[in-house]
>>> print(open('query_19.tsv').read())   # TSV, C-alpha atoms
chain	number	residue	atom	x	y	z
I	1	MET	CA	20.44	2.56	-7.34
I	2	LEU	CA	19.61	-0.25	-4.92
I	3	ASN	CA	17.23	-2.65	-6.62
I	4	PHE	CA	16.77	-6.39	-7.10
I	5	ARG	CA	18.68	-6.61	-10.38
I	6	ASN	CA	21.68	-4.54	-9.26
I	7	THR	CA	21.80	-6.34	-5.92
I	8	ASN	CA	21.94	-9.73	-7.63
I	9	ILE	CA	24.72	-8.58	-9.97
I	10	LEU	CA	26.72	-7.21	-7.04
I	11	PHE	CA	26.34	-10.32	-4.91
I	12	VAL	CA	27.18	-12.70	-7.74
I	13	GLY	CA	30.42	-10.75	-8.10
I	14	LEU	CA	31.02	-10.83	-4.34
I	15	LEU	CA	30.29	-14.56	-4.26
I	16	GLY	CA	32.90	-15.11	-6.95
I	17	LEU	CA	35.37	-13.08	-4.90
I	18	VAL	CA	34.66	-15.11	-1.76
I	19	VAL	CA	35.07	-18.36	-3.67
I	20	TRP	CA	38.41	-17.16	-5.08
I	21	LEU	CA	39.60	-16.07	-1.62
I	22	HIS	CA	38.46	-19.36	-0.15
I	23	ILE	CA	40.48	-21.32	-2.71
I	24	THR	CA	43.58	-19.13	-2.79
I	25	GLU	CA	43.74	-17.69	0.72
I	26	GLY	CA	41.86	-20.27	2.72
I	27	VAL	CA	39.18	-17.81	3.82
I	28	SER	CA	36.75	-19.40	6.29
I	29	LEU	CA	33.34	-20.70	5.30
I	30	TRP	CA	31.97	-17.94	7.52
I	31	GLY	CA	32.60	-15.64	4.57
I	32	TYR	CA	29.77	-17.38	2.73
I	33	VAL	CA	27.52	-17.17	5.77
I	34	LEU	CA	28.17	-13.44	6.14
I	35	LEU	CA	27.50	-12.84	2.46
I	36	ILE	CA	24.20	-14.74	2.58
I	37	PHE	CA	23.19	-12.90	5.74
I	38	ILE	CA	23.81	-9.46	4.23
I	39	TYR	CA	22.01	-10.46	1.02
I	40	SER	CA	19.02	-11.67	3.06
I	41	LEU	CA	18.87	-8.38	4.98
I	42	ILE	CA	18.77	-6.39	1.76
I	43	LEU	CA	16.02	-8.62	0.34
I	44	PHE	CA	14.04	-8.22	3.56
I	45	TYR	CA	14.35	-4.44	3.28
I	46	GLY	CA	13.27	-4.54	-0.36
I	47	CYS	CA	10.23	-6.72	0.37
I	48	TYR	CA	8.94	-5.04	3.51
I	49	TYR	CA	9.70	-1.36	2.89
I	50	ILE	CA	7.16	-0.48	0.24
I	51	GLY	CA	8.84	2.80	-0.58
I	52	SER	CA	12.14	1.15	-1.50
I	53	ASN	CA	11.13	0.52	-5.15
I	54	PHE	CA	13.41	-2.50	-4.86
I	55	PHE	CA	11.45	-4.83	-7.16
I	56	MET	CA	9.35	-2.27	-9.03
I	57	ARG	CA	8.26	1.33	-8.82
I	58	VAL	CA	5.51	1.88	-6.26
I	59	MET	CA	3.70	5.22	-6.02
I	60	CYS	CA	4.03	6.28	-2.38
I	61	SER	CA	3.81	10.07	-2.60
I	62	LEU	CA	3.95	12.99	-5.00
I	63	LYS	CA	6.97	15.24	-5.27
I	64	THR	CA	5.42	18.68	-5.08
I	65	SER	CA	5.60	21.96	-3.23
I	66	LYS	CA	1.81	22.35	-3.32
I	67	LYS	CA	0.09	21.71	-0.01
I	68	ILE	CA	-1.97	18.77	-1.19
I	69	ILE	CA	-2.37	15.33	0.39
I	70	ALA	CA	-4.39	12.18	-0.27
I	71	ILE	CA	-6.22	9.98	2.23
I	72	THR	CA	-6.56	6.23	1.70
I	73	PHE	CA	-8.25	3.42	3.60
I	74	ASP	CA	-7.43	-0.29	3.63
I	75	ASP	CA	-9.19	-3.52	4.56
I	76	GLY	CA	-12.86	-2.62	4.06
I	77	PRO	CA	-15.64	-2.58	3.33
I	78	ASP	CA	-16.73	-2.95	6.93
I	79	ALA	CA	-20.45	-3.00	7.72
I	80	ILE	CA	-20.05	-0.77	10.79
I	81	ALA	CA	-16.96	1.40	10.33
I	82	THR	CA	-17.07	2.19	6.60
I	83	PRO	CA	-20.50	3.95	6.61
I	84	GLN	CA	-19.39	6.10	9.56
I	85	ILE	CA	-16.20	7.08	7.75
I	86	LEU	CA	-18.18	7.86	4.60
I	87	ASN	CA	-20.42	10.12	6.66
I	88	ILE	CA	-17.39	11.98	8.05
I	89	LEU	CA	-15.92	12.43	4.57
I	90	LYS	CA	-19.25	13.70	3.27
I	91	GLN	CA	-19.61	16.21	6.09
I	92	GLN	CA	-16.05	17.44	5.54
I	93	ASP	CA	-16.40	17.40	1.72
I	94	VAL	CA	-13.24	15.30	1.41
I	95	PRO	CA	-12.54	12.61	-1.23
I	96	ALA	CA	-10.64	9.42	-0.46
I	97	ALA	CA	-9.50	6.11	-1.90
I	98	PHE	CA	-10.70	2.80	-0.44
I	99	PHE	CA	-8.51	-0.24	-1.10
I	100	CYS	CA	-11.00	-3.01	-0.56
I	101	ILE	CA	-10.56	-6.71	0.15
I	102	GLY	CA	-12.58	-8.69	-2.35
I	103	ASN	CA	-13.93	-11.33	0.03
I	104	ARG	CA	-15.39	-8.61	2.27
I	105	ILE	CA	-17.60	-7.21	-0.46
I	106	ALA	CA	-20.20	-10.00	-0.35
I	107	GLY	CA	-23.03	-8.70	1.84
I	108	ASN	CA	-21.57	-5.18	1.70
I	109	GLU	CA	-22.32	-4.40	-1.93
I	110	ALA	CA	-24.48	-1.43	-0.93
I	111	ILE	CA	-21.54	0.07	0.97
I	112	LEU	CA	-19.24	-0.39	-2.02
I	113	LYS	CA	-21.80	1.36	-4.20
I	114	GLN	CA	-22.04	4.16	-1.63
I	115	ILE	CA	-18.26	4.63	-1.72
I	116	HIS	CA	-18.44	4.97	-5.50
I	117	GLU	CA	-21.55	7.14	-5.61
I	118	GLN	CA	-20.11	9.61	-3.10
I	119	GLY	CA	-17.18	10.28	-5.41
I	120	HIS	CA	-14.45	8.22	-3.79
I	121	ILE	CA	-12.40	5.65	-5.68
I	122	ILE	CA	-12.16	1.93	-5.03
I	123	GLY	CA	-8.81	0.18	-5.29
I	124	ASN	CA	-7.78	-3.47	-5.20
I	125	HIS	CA	-6.33	-4.83	-1.94
I	126	SER	CA	-6.45	-8.47	-3.12
I	127	PHE	CA	-9.38	-10.85	-2.79
I	128	SER	CA	-8.16	-12.98	0.10
I	129	HIS	CA	-5.63	-10.80	1.98
I	130	HIS	CA	-4.41	-14.22	3.09
I	131	PHE	CA	-1.87	-14.41	5.92
I	132	TRP	CA	0.45	-16.36	3.60
I	133	PHE	CA	-0.30	-14.25	0.53
I	134	ASP	CA	3.39	-13.34	0.17
I	135	LEU	CA	4.23	-17.03	-0.31
I	136	PHE	CA	1.71	-17.59	-3.10
I	137	SER	CA	2.95	-18.41	-6.58
I	138	SER	CA	2.78	-15.61	-9.14
I	139	SER	CA	-0.15	-17.25	-10.92
I	140	LYS	CA	-2.08	-17.68	-7.68
I	141	MET	CA	-1.45	-14.03	-6.78
I	142	LEU	CA	-2.68	-12.95	-10.21
I	143	ASP	CA	-5.85	-15.04	-9.85
I	144	ASP	CA	-6.43	-13.44	-6.44
I	145	LEU	CA	-6.04	-9.91	-7.82
I	146	LEU	CA	-8.28	-10.57	-10.81
I	147	LEU	CA	-10.96	-12.14	-8.61
I	148	ALA	CA	-11.05	-9.01	-6.47
I	149	ASN	CA	-11.46	-6.89	-9.59
I	150	GLN	CA	-14.22	-9.17	-10.81
I	151	VAL	CA	-16.21	-8.72	-7.59
I	152	VAL	CA	-15.81	-4.94	-7.76
I	153	ARG	CA	-16.83	-4.90	-11.42
I	154	GLN	CA	-19.96	-6.93	-10.67
I	155	THR	CA	-20.95	-4.28	-8.11
I	156	ILE	CA	-20.08	-0.93	-9.74
I	157	ASN	CA	-19.39	-2.02	-13.34
I	158	LEU	CA	-15.78	-0.79	-13.16
I	159	SER	CA	-12.47	-2.61	-12.67
I	160	PRO	CA	-9.87	-1.00	-10.38
I	161	LEU	CA	-6.48	-0.17	-11.85
I	162	LEU	CA	-4.87	0.82	-8.55
I	163	PHE	CA	-3.54	-1.97	-6.34
I	164	ARG	CA	-2.20	-1.90	-2.81
I	165	PRO	CA	-0.28	-5.04	-1.77
I	166	PRO	CA	-1.49	-6.90	1.32
I	167	TYR	CA	0.73	-5.97	4.27
I	168	GLY	CA	2.61	-3.62	1.94
I	169	VAL	CA	4.92	-6.43	0.85
I	170	ILE	CA	6.38	-6.65	-2.67
I	171	ASN	CA	8.37	-9.64	-3.92
I	172	PRO	CA	9.33	-11.04	-7.35
I	173	ASN	CA	6.18	-13.16	-7.62
I	174	LEU	CA	3.91	-10.24	-6.83
I	175	LYS	CA	5.77	-8.03	-9.26
I	176	LYS	CA	5.02	-10.54	-12.05
I	177	ALA	CA	1.35	-10.65	-11.03
I	178	ILE	CA	1.03	-6.86	-10.94
I	179	VAL	CA	2.68	-6.47	-14.34
I	180	LYS	CA	0.37	-9.11	-15.86
I	181	SER	CA	-2.69	-7.51	-14.27
I	182	ARG	CA	-1.66	-4.12	-15.72
I	183	MET	CA	-2.48	-2.43	-12.44
I	184	VAL	CA	-0.47	0.31	-10.75
I	185	PRO	CA	0.99	-0.49	-7.30
I	186	ILE	CA	0.19	2.13	-4.67
I	187	GLY	CA	1.91	2.52	-1.32
I	188	TRP	CA	1.91	5.30	1.23
I	189	SER	CA	4.30	7.80	2.77
I	190	ILE	CA	2.60	8.07	6.17
I	191	ARG	CA	1.22	5.04	7.96
I	192	SER	CA	-1.20	6.13	10.66
I	193	MET	CA	-0.92	2.93	12.73
I	194	ASP	CA	-4.62	3.36	13.52
I	195	THR	CA	-4.99	-0.38	14.04
I	196	VAL	CA	-2.36	-0.28	16.78
I	197	ILE	CA	-2.63	3.11	18.50
I	198	ALA	CA	-5.90	3.29	20.43
I	199	GLU	CA	-5.24	6.59	22.24
I	200	GLU	CA	-6.89	9.35	20.22
I	201	GLN	CA	-4.49	12.19	21.01
I	202	LYS	CA	-1.42	10.07	20.46
I	203	LEU	CA	-2.70	8.94	17.07
I	204	LEU	CA	-3.69	12.47	16.09
I	205	ASN	CA	-0.30	13.88	17.06
I	206	LYS	CA	1.50	11.18	15.09
I	207	ILE	CA	-0.24	11.90	11.81
I	208	THR	CA	-0.57	15.69	12.02
I	209	HIS	CA	3.12	16.13	12.87
I	210	ARG	CA	4.02	14.37	9.62
I	211	LEU	CA	1.89	16.47	7.30
I	212	ASN	CA	3.87	17.37	4.20
I	213	PRO	CA	3.10	18.24	0.57
I	214	GLY	CA	2.24	15.26	-1.61
I	215	ALA	CA	1.84	12.80	1.26
I	216	ILE	CA	-0.34	9.70	0.99
I	217	PHE	CA	-1.90	8.76	4.34
I	218	LEU	CA	-2.80	5.16	5.15
I	219	PHE	CA	-5.81	4.58	7.40
I	220	HIS	CA	-8.11	1.57	7.86
I	221	ASP	CA	-11.90	1.73	7.63
I	222	THR	CA	-12.26	-1.03	10.21
I	223	GLY	CA	-12.04	0.44	13.70
I	224	LYS	CA	-13.07	3.04	16.28
I	225	ALA	CA	-9.74	4.87	16.47
I	226	THR	CA	-9.95	5.95	12.83
I	227	ILE	CA	-13.53	7.12	13.22
I	228	SER	CA	-12.72	9.29	16.24
I	229	VAL	CA	-9.51	10.80	14.85
I	230	LEU	CA	-10.42	11.31	11.19
I	231	PRO	CA	-12.54	14.48	11.56
I	232	LEU	CA	-9.94	16.05	13.83
I	233	PHE	CA	-7.15	15.21	11.40
I	234	ILE	CA	-9.05	16.66	8.46
I	235	GLU	CA	-9.77	19.87	10.37
I	236	GLN	CA	-6.14	20.27	11.39
I	237	ALA	CA	-4.89	19.57	7.89
I	238	LYS	CA	-7.22	22.19	6.45
I	239	ALA	CA	-6.25	24.66	9.18
I	240	GLN	CA	-2.62	24.26	8.11
I	241	GLY	CA	-3.56	25.11	4.54
I	242	TYR	CA	-3.63	21.61	3.08
I	243	GLU	CA	-6.08	20.56	0.41
I	244	ILE	CA	-7.15	16.92	0.49
I	245	VAL	CA	-7.49	15.64	-3.05
I	246	ARG	CA	-8.47	12.29	-4.47
I	247	LEU	CA	-5.54	9.91	-4.88
I	248	ASP	CA	-5.91	9.34	-8.62
I	249	LYS	CA	-6.12	13.08	-9.28
I	250	MET	CA	-3.11	13.88	-7.14
I	251	LEU	CA	-0.99	11.23	-8.85
I	252	ASN	CA	-2.54	11.83	-12.28
I	253	LEU	CA	-3.52	8.18	-12.64
I	254	GLN	CA	-6.51	6.42	-14.17
I	255	ALA	CA	-8.52	4.75	-11.40
I	256	TYR	CA	-10.54	2.27	-13.45
I	257	ALA	CA	-10.48	0.24	-16.63
>>> encode(input="query_19.tsv", output="structure tokens")
Amino acid sequence: MLNFRNTNILFVGLLGLVVWLHITEGVSLWGYVLLIFIYSLILFYGCYYIGSNFFMRVMCSLKTSKKIIAITFDDGPDAIATPQILNILKQQDVPAAFFCIGNRIAGNEAILKQIHEQGHIIGNHSFSHHFWFDLFSSSKMLDDLLLANQVVRQTINLSPLLFRPPYGVINPNLKKAIVKSRMVPIGWSIRSMDTVIAEEQKLLNKITHRLNPGAIFLFHDTGKATISVLPLFIEQAKAQGYEIVRLDKMLNLQAYA
């Protein structure tokens, strides 16, 4: 199994082999460069592919034959987009999970309460969602996560147990922070790209063609593309016999502490 521990063991062994070959056979220093390059590529894959489980297990889907899926939203709450998405979900009688950024809750407390009162769950998407979040120390990451939970708790009197990493990146420091926070890392199996694809039909085709049992869909409650495509996606998913269930129920996880 390709993971951080096994990769380190393998490359320590390979490094020893390269050193031995360098001493005994005069192998070029390029051998070290190649080894470091390959190691860096594997680390990059482990950090940036959330489904790799390279550093820790991340829940990205459910292995099942039942035609059930879960819908999730990142980066809210947004004063304009989130209420419109909540209205769509209410009309369609569909539950969802909202991974909220803590520093966007101030001034939008009523929206956060609406998310909760309408039966959706609120997850932690960090407090800052800082551009350099991945370079934070483990303790700074932990403080960031706990601050986000604190803001949510002050609003709905519950602390999220489900965490989605900013940018979907996992590294050793974040693993330590997640373990200490006792939260469960959540990824996705289908990324809608709704922040990139503006053309409605193109976006709709992309996500509906990838419908499969146990999938977790990633949307963002921040823009027009999601608002226009969401009702069409829900209708097509239902037409194909899929039931949209709440993330915590599909994965059999506890949503709050």
>>> axis_aligned_box(input="query_19.tsv", around="range 17-30 of chain I", padding_each_side="3 Å", output="JSON")
{"center_x": 37.9, "center_y": -17.2, "center_z": 1.2, "size_x": 17.8, "size_y": 14.2, "size_z": 18.6}
>>> residues_around(input="query_19.tsv", residues="Ile105 in chain I", least_positions_apart="2", cutoff="12 Å", atoms="all atoms listed in the file", output="ChimeraX atom specification")
/I:75-79,82,99-103,107-113,115,122,124-128,147-156
>>> closest_residue(input="query_19.tsv", among="I:Leu62, I:Thr7, I:Ile121, I:Lys180", to="Leu41 in chain I", atoms="all atoms listed in the file")
I:Thr7
>>> closest_residue(input="query_19.tsv", among="I:Ala257, I:Cys60, I:Leu218, I:Ile244", to="Val94 in chain I", atoms="only C-alpha atoms")
I:Ile244
>>> residues_around(input="query_19.tsv", residues="Ser40 in chain I", least_positions_apart="4", cutoff="12 Å", atoms="only C-alpha atoms", output="ChimeraX atom specification")
/I:4,7-8,11,33-36,44-47
>>> closest_residue(input="query_19.tsv", among="I:Asn171, I:Gln118, I:Ser228, I:Ser159", to="Ser138 in chain I", atoms="only C-alpha atoms")
I:Asn171
>>> atom_distance(input="query_19.tsv", atom1="CA of Glu199 in chain I", atom2="CA of Thr222 in chain I")
15.9 Å
>>> residues_around(input="query_19.tsv", residues="Val58 in chain I", least_positions_apart="4", cutoff="6 Å", atoms="all atoms listed in the file", output="list in words")
Asn53, Pro185 and Ile186 of chain I
>>> atom_distance(input="query_19.tsv", atom1="CA of Tyr49 in chain I", atom2="CA of Phe133 in chain I")
16.5 Å
>>> atom_distance(input="query_19.tsv", atom1="CA of Leu161 in chain I", atom2="CA of Val184 in chain I")
6.1 Å
>>> residues_around(input="query_19.tsv", residues="His209 in chain I", least_positions_apart="2", cutoff="12 Å", atoms="all atoms listed in the file", output="PyMOL selection string")
chain I and resi 190+192+201-207+211-212+233+236-237+240
>>> write_last_selection(input="query_19.tsv", atoms="C-alpha atoms", output="compact mmCIF listing (two decimals), keeping the file's coordinate frame")
# COMPACT_ATOMS: atom_id res chain seq x y z
CA ILE I 190 2.60 8.07 6.17
CA SER I 192 -1.20 6.13 10.66
CA GLN I 201 -4.49 12.19 21.01
CA LYS I 202 -1.42 10.07 20.46
CA LEU I 203 -2.70 8.94 17.07
CA LEU I 204 -3.69 12.47 16.09
CA ASN I 205 -0.30 13.88 17.06
CA LYS I 206 1.50 11.18 15.09
CA ILE I 207 -0.24 11.90 11.81
CA LEU I 211 1.89 16.47 7.30
CA ASN I 212 3.87 17.37 4.20
CA PHE I 233 -7.15 15.21 11.40
CA GLN I 236 -6.14 20.27 11.39
CA ALA I 237 -4.89 19.57 7.89
CA GLN I 240 -2.62 24.26 8.11
>>> closest_residue(input="query_19.tsv", among="I:Ser189, I:Asn157, I:Ser137, I:Gln254", to="Asn173 in chain I", atoms="all atoms listed in the file")
I:Ser137
>>> closest_residue(input="query_19.tsv", among="I:Ile71, I:Ala215, I:Met141, I:Met1", to="Ala177 in chain I", atoms="only C-alpha atoms")
I:Met141
>>> build_atoms(input="query_19.tsv", residues="range 11-46 of chain I", atoms="N, CA and C atoms", output="mmCIF file, keeping the file's coordinate frame")
data_model
loop_
_atom_site.group_PDB
_atom_site.id
_atom_site.type_symbol
_atom_site.label_atom_id
_atom_site.label_comp_id
_atom_site.auth_asym_id
_atom_site.auth_seq_id
_atom_site.Cartn_x
_atom_site.Cartn_y
_atom_site.Cartn_z
ATOM 1 N N PHE I 11 26.057 -9.182 -5.786
ATOM 2 C CA PHE I 11 26.340 -10.320 -4.910
ATOM 3 C C PHE I 11 26.871 -11.529 -5.677
ATOM 4 N N VAL I 12 26.553 -11.649 -6.941
ATOM 5 C CA VAL I 12 27.180 -12.700 -7.740
ATOM 6 C C VAL I 12 28.681 -12.412 -7.844
ATOM 7 N N GLY I 13 29.009 -11.131 -8.051
ATOM 8 C CA GLY I 13 30.420 -10.750 -8.100
ATOM 9 C C GLY I 13 31.113 -10.985 -6.772
ATOM 10 N N LEU I 14 30.439 -10.623 -5.667
ATOM 11 C CA LEU I 14 31.020 -10.830 -4.340
ATOM 12 C C LEU I 14 31.172 -12.319 -4.025
ATOM 13 N N LEU I 15 30.198 -13.113 -4.474
ATOM 14 C CA LEU I 15 30.290 -14.560 -4.260
ATOM 15 C C LEU I 15 31.499 -15.122 -4.989
ATOM 16 N N GLY I 16 31.718 -14.659 -6.210
ATOM 17 C CA GLY I 16 32.900 -15.110 -6.950
ATOM 18 C C GLY I 16 34.183 -14.727 -6.238
ATOM 19 N N LEU I 17 34.196 -13.519 -5.645
ATOM 20 C CA LEU I 17 35.370 -13.080 -4.900
ATOM 21 C C LEU I 17 35.612 -13.944 -3.663
ATOM 22 N N VAL I 18 34.534 -14.270 -2.955
ATOM 23 C CA VAL I 18 34.660 -15.110 -1.760
ATOM 24 C C VAL I 18 35.150 -16.505 -2.130
ATOM 25 N N VAL I 19 34.621 -17.045 -3.222
ATOM 26 C CA VAL I 19 35.070 -18.360 -3.670
ATOM 27 C C VAL I 19 36.565 -18.330 -3.997
ATOM 28 N N TRP I 20 36.995 -17.292 -4.714
ATOM 29 C CA TRP I 20 38.410 -17.160 -5.080
ATOM 30 C C TRP I 20 39.285 -17.037 -3.838
ATOM 31 N N LEU I 21 38.834 -16.228 -2.860
ATOM 32 C CA LEU I 21 39.600 -16.070 -1.620
ATOM 33 C C LEU I 21 39.620 -17.361 -0.805
ATOM 34 N N HIS I 22 38.525 -18.093 -0.872
ATOM 35 C CA HIS I 22 38.460 -19.360 -0.150
ATOM 36 C C HIS I 22 39.464 -20.367 -0.720
ATOM 37 N N ILE I 23 39.577 -20.376 -2.056
ATOM 38 C CA ILE I 23 40.480 -21.320 -2.710
ATOM 39 C C ILE I 23 41.940 -20.901 -2.566
ATOM 40 N N THR I 24 42.193 -19.594 -2.758
ATOM 41 C CA THR I 24 43.580 -19.130 -2.790
ATOM 42 C C THR I 24 44.133 -18.731 -1.434
ATOM 43 N N GLU I 25 43.266 -18.210 -0.561
ATOM 44 C CA GLU I 25 43.740 -17.690 0.720
ATOM 45 C C GLU I 25 43.237 -18.496 1.920
ATOM 46 N N GLY I 26 42.386 -19.448 1.637
ATOM 47 C CA GLY I 26 41.860 -20.270 2.720
ATOM 48 C C GLY I 26 40.883 -19.531 3.616
ATOM 49 N N VAL I 27 40.166 -18.565 3.035
ATOM 50 C CA VAL I 27 39.180 -17.810 3.820
ATOM 51 C C VAL I 27 38.122 -18.768 4.359
ATOM 52 N N SER I 28 37.701 -18.533 5.603
ATOM 53 C CA SER I 28 36.750 -19.400 6.290
ATOM 54 C C SER I 28 35.404 -19.461 5.587
ATOM 55 N N LEU I 29 34.694 -20.554 5.824
ATOM 56 C CA LEU I 29 33.340 -20.700 5.300
ATOM 57 C C LEU I 29 32.395 -19.640 5.862
ATOM 58 N N TRP I 30 32.788 -19.003 6.947
ATOM 59 C CA TRP I 30 31.970 -17.940 7.520
ATOM 60 C C TRP I 30 31.807 -16.779 6.543
ATOM 61 N N GLY I 31 32.718 -16.671 5.589
ATOM 62 C CA GLY I 31 32.600 -15.640 4.570
ATOM 63 C C GLY I 31 31.327 -15.818 3.750
ATOM 64 N N TYR I 32 31.002 -17.092 3.457
ATOM 65 C CA TYR I 32 29.770 -17.380 2.730
ATOM 66 C C TYR I 32 28.545 -17.053 3.584
ATOM 67 N N VAL I 33 28.626 -17.425 4.853
ATOM 68 C CA VAL I 33 27.520 -17.170 5.770
ATOM 69 C C VAL I 33 27.247 -15.676 5.887
ATOM 70 N N LEU I 34 28.310 -14.883 6.023
ATOM 71 C CA LEU I 34 28.170 -13.440 6.140
ATOM 72 C C LEU I 34 27.555 -12.848 4.874
ATOM 73 N N LEU I 35 28.010 -13.341 3.724
ATOM 74 C CA LEU I 35 27.500 -12.840 2.460
ATOM 75 C C LEU I 35 26.005 -13.128 2.319
ATOM 76 N N ILE I 36 25.613 -14.356 2.655
ATOM 77 C CA ILE I 36 24.200 -14.740 2.580
ATOM 78 C C ILE I 36 23.367 -13.926 3.557
ATOM 79 N N PHE I 37 23.917 -13.671 4.733
ATOM 80 C CA PHE I 37 23.190 -12.900 5.740
ATOM 81 C C PHE I 37 22.934 -11.469 5.261
ATOM 82 N N ILE I 38 23.959 -10.835 4.722
ATOM 83 C CA ILE I 38 23.810 -9.460 4.230
ATOM 84 C C ILE I 38 22.825 -9.415 3.060
ATOM 85 N N TYR I 39 22.924 -10.392 2.163
ATOM 86 C CA TYR I 39 22.010 -10.460 1.020
ATOM 87 C C TYR I 39 20.557 -10.607 1.506
ATOM 88 N N SER I 40 20.363 -11.450 2.517
ATOM 89 C CA SER I 40 19.020 -11.670 3.060
ATOM 90 C C SER I 40 18.466 -10.394 3.690
ATOM 91 N N LEU I 41 19.312 -9.637 4.375
ATOM 92 C CA LEU I 41 18.870 -8.380 4.980
ATOM 93 C C LEU I 41 18.404 -7.389 3.923
ATOM 94 N N ILE I 42 19.147 -7.315 2.833
ATOM 95 C CA ILE I 42 18.770 -6.390 1.760
ATOM 96 C C ILE I 42 17.457 -6.818 1.118
ATOM 97 N N LEU I 43 17.276 -8.124 0.902
ATOM 98 C CA LEU I 43 16.020 -8.620 0.340
ATOM 99 C C LEU I 43 14.848 -8.327 1.279
ATOM 100 N N PHE I 44 15.081 -8.505 2.566
ATOM 101 C CA PHE I 44 14.040 -8.220 3.560
ATOM 102 C C PHE I 44 13.625 -6.754 3.471
ATOM 103 N N TYR I 45 14.625 -5.875 3.407
ATOM 104 C CA TYR I 45 14.350 -4.440 3.280
ATOM 105 C C TYR I 45 13.549 -4.170 2.010
ATOM 106 N N GLY I 46 13.949 -4.773 0.905
ATOM 107 C CA GLY I 46 13.270 -4.540 -0.360
ATOM 108 C C GLY I 46 11.827 -5.030 -0.355
#
